[in-house]
Amino acid sequence: MPILAAFMVPHPPMIVPAVGRGSEAQVTETARAYEQVAAEVAALKPDTILITSPHSVMYADYFHISPGSGAKGSFRQFHAPLVCFSEQYDTELVGRICALADAAGFPAGMLGERDAALDHGTMVPLWFIRNKYQGGKIVRIGLSGLPLTDHYRFGQMIAQAAGDLGRLTVLIASGDLSHKLQDYGPYGFAKEGPEYDRRIMDVCGRAAFGELFDFSEDFCDKAAECGHRSFVIMAGAFDGLRVKAEALSHQDVTGVGYGICTFYPDGPDESRHFLQDYEGKMTRACAEKAEKSDAYVRLARASVESWVCNHKPLSVPENLPAEMLTKRAGTFVSLHENGRLRGCIGTIASTQKNIAEEIVQNAISACSRDPRFSPVRADELSGLEISVDVLGDMESIDSPAQLDVKRYGVVVSHGYKRGLLLPNLDGVDTVEEQIRIARQKGGIREDEPYSLQRFEVVRHF
């Protein structure tokens with residue numbers, strides 16, 4: 001098997017003695033486990049060491065693979081410039097991964113290099129490995145803001161590329177766990193922090209990779225983890241294989257979770273096609289919801305499908321409820337994929353002759369013109385969850401006390417700048433947070449005075 005093994009490892013610079021200068025003694029357990037990982041890598045004698053790092057170049061909608069023949073780096077920024085690296089890249093394997101991505105229309109490649117120097121998410125594992133094994137070239141890959149499903153799919157491509165070339169590869173999934181484990185940690189404490197660490201160590205210790213999809217974006221954000229996407233790429237590289245897993249260590253003494261696990265392939269297993277299973281489950285769930293949805297959502301879905309498949313706006317059907325054809329209102333169309341926002345565009349006030357026309361236009365915008373996302377692809381349609389919000393009249397208010405995040409949306413205005421946030425959104429639990437997000441969306445600075453309006457919506461699922 002081309003993927004000889006994979007290792008889930010953290011990357012605290014202080015674990016390197018020249019950086020830690022004694023503080024590394026706090027993480028002796030992690031260092032011992034790291035030494036074991038390095039010894040196992042040396043015993044495998046891989047042709048290539050492929051490292052996925054949260055601190056390499058990262059884009060919202062693209063996986064960056066470091067280009068060129070090689071790169072250098074040091075711990076200079078951590079006051080240890082003499083600890084340095086000069087690594088050669090496996091350009092042939094990089095080229096094959098890029099070719100597979102291009103053929104699949106998958107957003108990965110060598111574009112957009114911002115800093116060629118090796119990052120500490122790459123160098124910390126290399127420090128341990130190079131102390132025991134000098135062989136093998138490397139491949140360095142950044143993460144992305146794309147869904148977990150795309151990270152898993154990218155892992156499948158990596159494994160295929162290594163197999164196509166017969167390249168004996170070790171995969172290093174670099175990533176710390178939660179950064180919110182202790183009050184004295186870098187980001188303080190959140191209850192989701194210890195929960196994340198407990199769950200991820202359990203899941204990875206059992207190689208139960210399908211459960212990696214059960215970690216919601218909101219939960220991961222609140223836990224302030226940085227390695228989850230690395231671990232999902234690694235899981236994808238083992239798709240369809242049994243895996244022998246062992247959890248070597250877990251520490252949280254610095255307020256940040258450091259977990260180390262080892263993974264070895266153990267032959268084919270048709271029950272472990274986790275992406276296929278997950279997408280099938282989500283498609284069935286979306287189909288069931290679509291069957292139960294009302295005319296508002298059915299119209300939005302039809303509009304999205306017409307635009308994505310035919311690039312034509314939908315003609316409004318005549319057999320709609322009378323209120324959709326006779327009333328006017330602002331609407332928002334929201335798209336979610338695997339529980340994650342995929343697009344949301346709307347109008348505060350009506351711009352079309354009726355609600356139906358408003359929904360059609362905003363559905364097109366949500367799937368193709370939301371600047372935060374790439375346009376929806378045809379292969380995503382079956383997994384989309386769609387909701388439609390019909391906005392009520394705007395009401396000026398004097399105080400945030402007149403808001404309720406579950407009942408009212410808010411518009412924050414300063415001169416010509418205006419930001420809107422819908423009510424009852426996941427992860428928005430306080431009025432202060434609601435106003436802050438709306439203000440940021442409108443480009444309104446903290447020191448600028450603003451006025452408030454509230455509105456109610458009727459939400460259609």
# chains A, B, ... in the order shown; residues from 1 in each chain; ligands from 1

call {"tool": "residues_around", "arguments": {"residues": "Ser216 in chain A", "least_positions_apart": "6", "cutoff": "12 Å", "atoms": "only C-alpha atoms", "output": "PDB file with N, CA and C atoms, in the first residue's frame"}}
result
ATOM      1  N   PRO A 147     -15.679  22.423   3.027  1.00  0.00           N
ATOM      2  CA  PRO A 147     -16.296  21.461   3.956  1.00  0.00           C
ATOM      3  C   PRO A 147     -15.380  20.279   4.270  1.00  0.00           C
ATOM      4  N   LEU A 148     -15.670  19.618   5.370  1.00  0.00           N
ATOM      5  CA  LEU A 148     -14.902  18.439   5.750  1.00  0.00           C
ATOM      6  C   LEU A 148     -14.951  17.362   4.667  1.00  0.00           C
ATOM      7  N   GLU A 192     -16.517  23.576  25.361  1.00  0.00           N
ATOM      8  CA  GLU A 192     -16.345  22.742  24.160  1.00  0.00           C
ATOM      9  C   GLU A 192     -14.904  22.251  24.013  1.00  0.00           C
ATOM     10  N   TYR A 196     -14.077  18.565  22.927  1.00  0.00           N
ATOM     11  CA  TYR A 196     -13.449  18.277  21.642  1.00  0.00           C
ATOM     12  C   TYR A 196     -12.289  17.295  21.814  1.00  0.00           C
ATOM     13  N   LYS A 222     -15.935  26.853  18.486  1.00  0.00           N
ATOM     14  CA  LYS A 222     -15.991  27.162  19.911  1.00  0.00           C
ATOM     15  C   LYS A 222     -14.869  26.464  20.677  1.00  0.00           C
ATOM     16  N   ALA A 223     -14.453  25.303  20.194  1.00  0.00           N
ATOM     17  CA  ALA A 223     -13.343  24.587  20.829  1.00  0.00           C
ATOM     18  C   ALA A 223     -11.994  25.165  20.433  1.00  0.00           C
ATOM     19  N   GLU A 225     -10.068  24.527  17.836  1.00  0.00           N
ATOM     20  CA  GLU A 225      -9.090  23.516  17.412  1.00  0.00           C
ATOM     21  C   GLU A 225      -8.411  23.991  16.134  1.00  0.00           C
ATOM     22  N   HIS A 228      -8.395  19.663  12.994  1.00  0.00           N
ATOM     23  CA  HIS A 228      -9.439  18.734  12.569  1.00  0.00           C
ATOM     24  C   HIS A 228      -9.403  18.454  11.073  1.00  0.00           C
ATOM     25  N   ARG A 229      -9.182  19.477  10.278  1.00  0.00           N
ATOM     26  CA  ARG A 229      -9.165  19.273   8.833  1.00  0.00           C
ATOM     27  C   ARG A 229      -7.958  18.434   8.398  1.00  0.00           C
ATOM     28  N   GLU A 337     -24.884  23.053   3.164  1.00  0.00           N
ATOM     29  CA  GLU A 337     -24.399  21.762   2.677  1.00  0.00           C
ATOM     30  C   GLU A 337     -23.702  21.051   3.831  1.00  0.00           C
ATOM     31  N   ASN A 338     -24.192  19.874   4.167  1.00  0.00           N
ATOM     32  CA  ASN A 338     -23.632  19.113   5.292  1.00  0.00           C
ATOM     33  C   ASN A 338     -23.609  19.946   6.566  1.00  0.00           C
ATOM     34  N   GLY A 339     -24.668  20.727   6.773  1.00  0.00           N
ATOM     35  CA  GLY A 339     -24.774  21.534   7.972  1.00  0.00           C
ATOM     36  C   GLY A 339     -23.966  22.810   7.956  1.00  0.00           C
ATOM     37  N   ARG A 340     -23.351  23.123   6.837  1.00  0.00           N
ATOM     38  CA  ARG A 340     -22.455  24.279   6.754  1.00  0.00           C
ATOM     39  C   ARG A 340     -22.994  25.264   5.737  1.00  0.00           C
ATOM     40  N   LEU A 341     -22.958  26.572   6.056  1.00  0.00           N
ATOM     41  CA  LEU A 341     -23.472  27.576   5.143  1.00  0.00           C
ATOM     42  C   LEU A 341     -22.764  27.482   3.791  1.00  0.00           C
ATOM     43  N   ASP A 426     -27.850  29.754  14.153  1.00  0.00           N
ATOM     44  CA  ASP A 426     -26.995  28.908  14.973  1.00  0.00           C
ATOM     45  C   ASP A 426     -25.718  29.659  15.347  1.00  0.00           C
ATOM     46  N   GLY A 427     -25.361  29.605  16.607  1.00  0.00           N
ATOM     47  CA  GLY A 427     -24.122  30.219  17.063  1.00  0.00           C
ATOM     48  C   GLY A 427     -24.244  31.679  17.448  1.00  0.00           C
TER      49      GLY A 427
END

call {"tool": "residues_around", "arguments": {"residues": "Val457 in chain A", "least_positions_apart": "3", "cutoff": "8 Å", "atoms": "only C-alpha atoms", "output": "list in words"}}
result
Asp389, Val390, Leu391, Gly392, Tyr408, Gly409 and Pro423 of chain A

call {"tool": "closest_residue", "arguments": {"among": "A:Ile97, A:Val316, A:Ala438, A:Ile348", "to": "Asp164 in chain A", "atoms": "only C-alpha atoms"}}
result
A:Ile97

call {"tool": "residues_around", "arguments": {"residues": "Val411 in chain A", "least_positions_apart": "2", "cutoff": "12 Å", "atoms": "only C-alpha atoms", "output": "PyMOL selection string"}}
result
chain A and resi 348-349+391+393-397+400+403+408-409+413-414+417-423+434-442+444+450-456
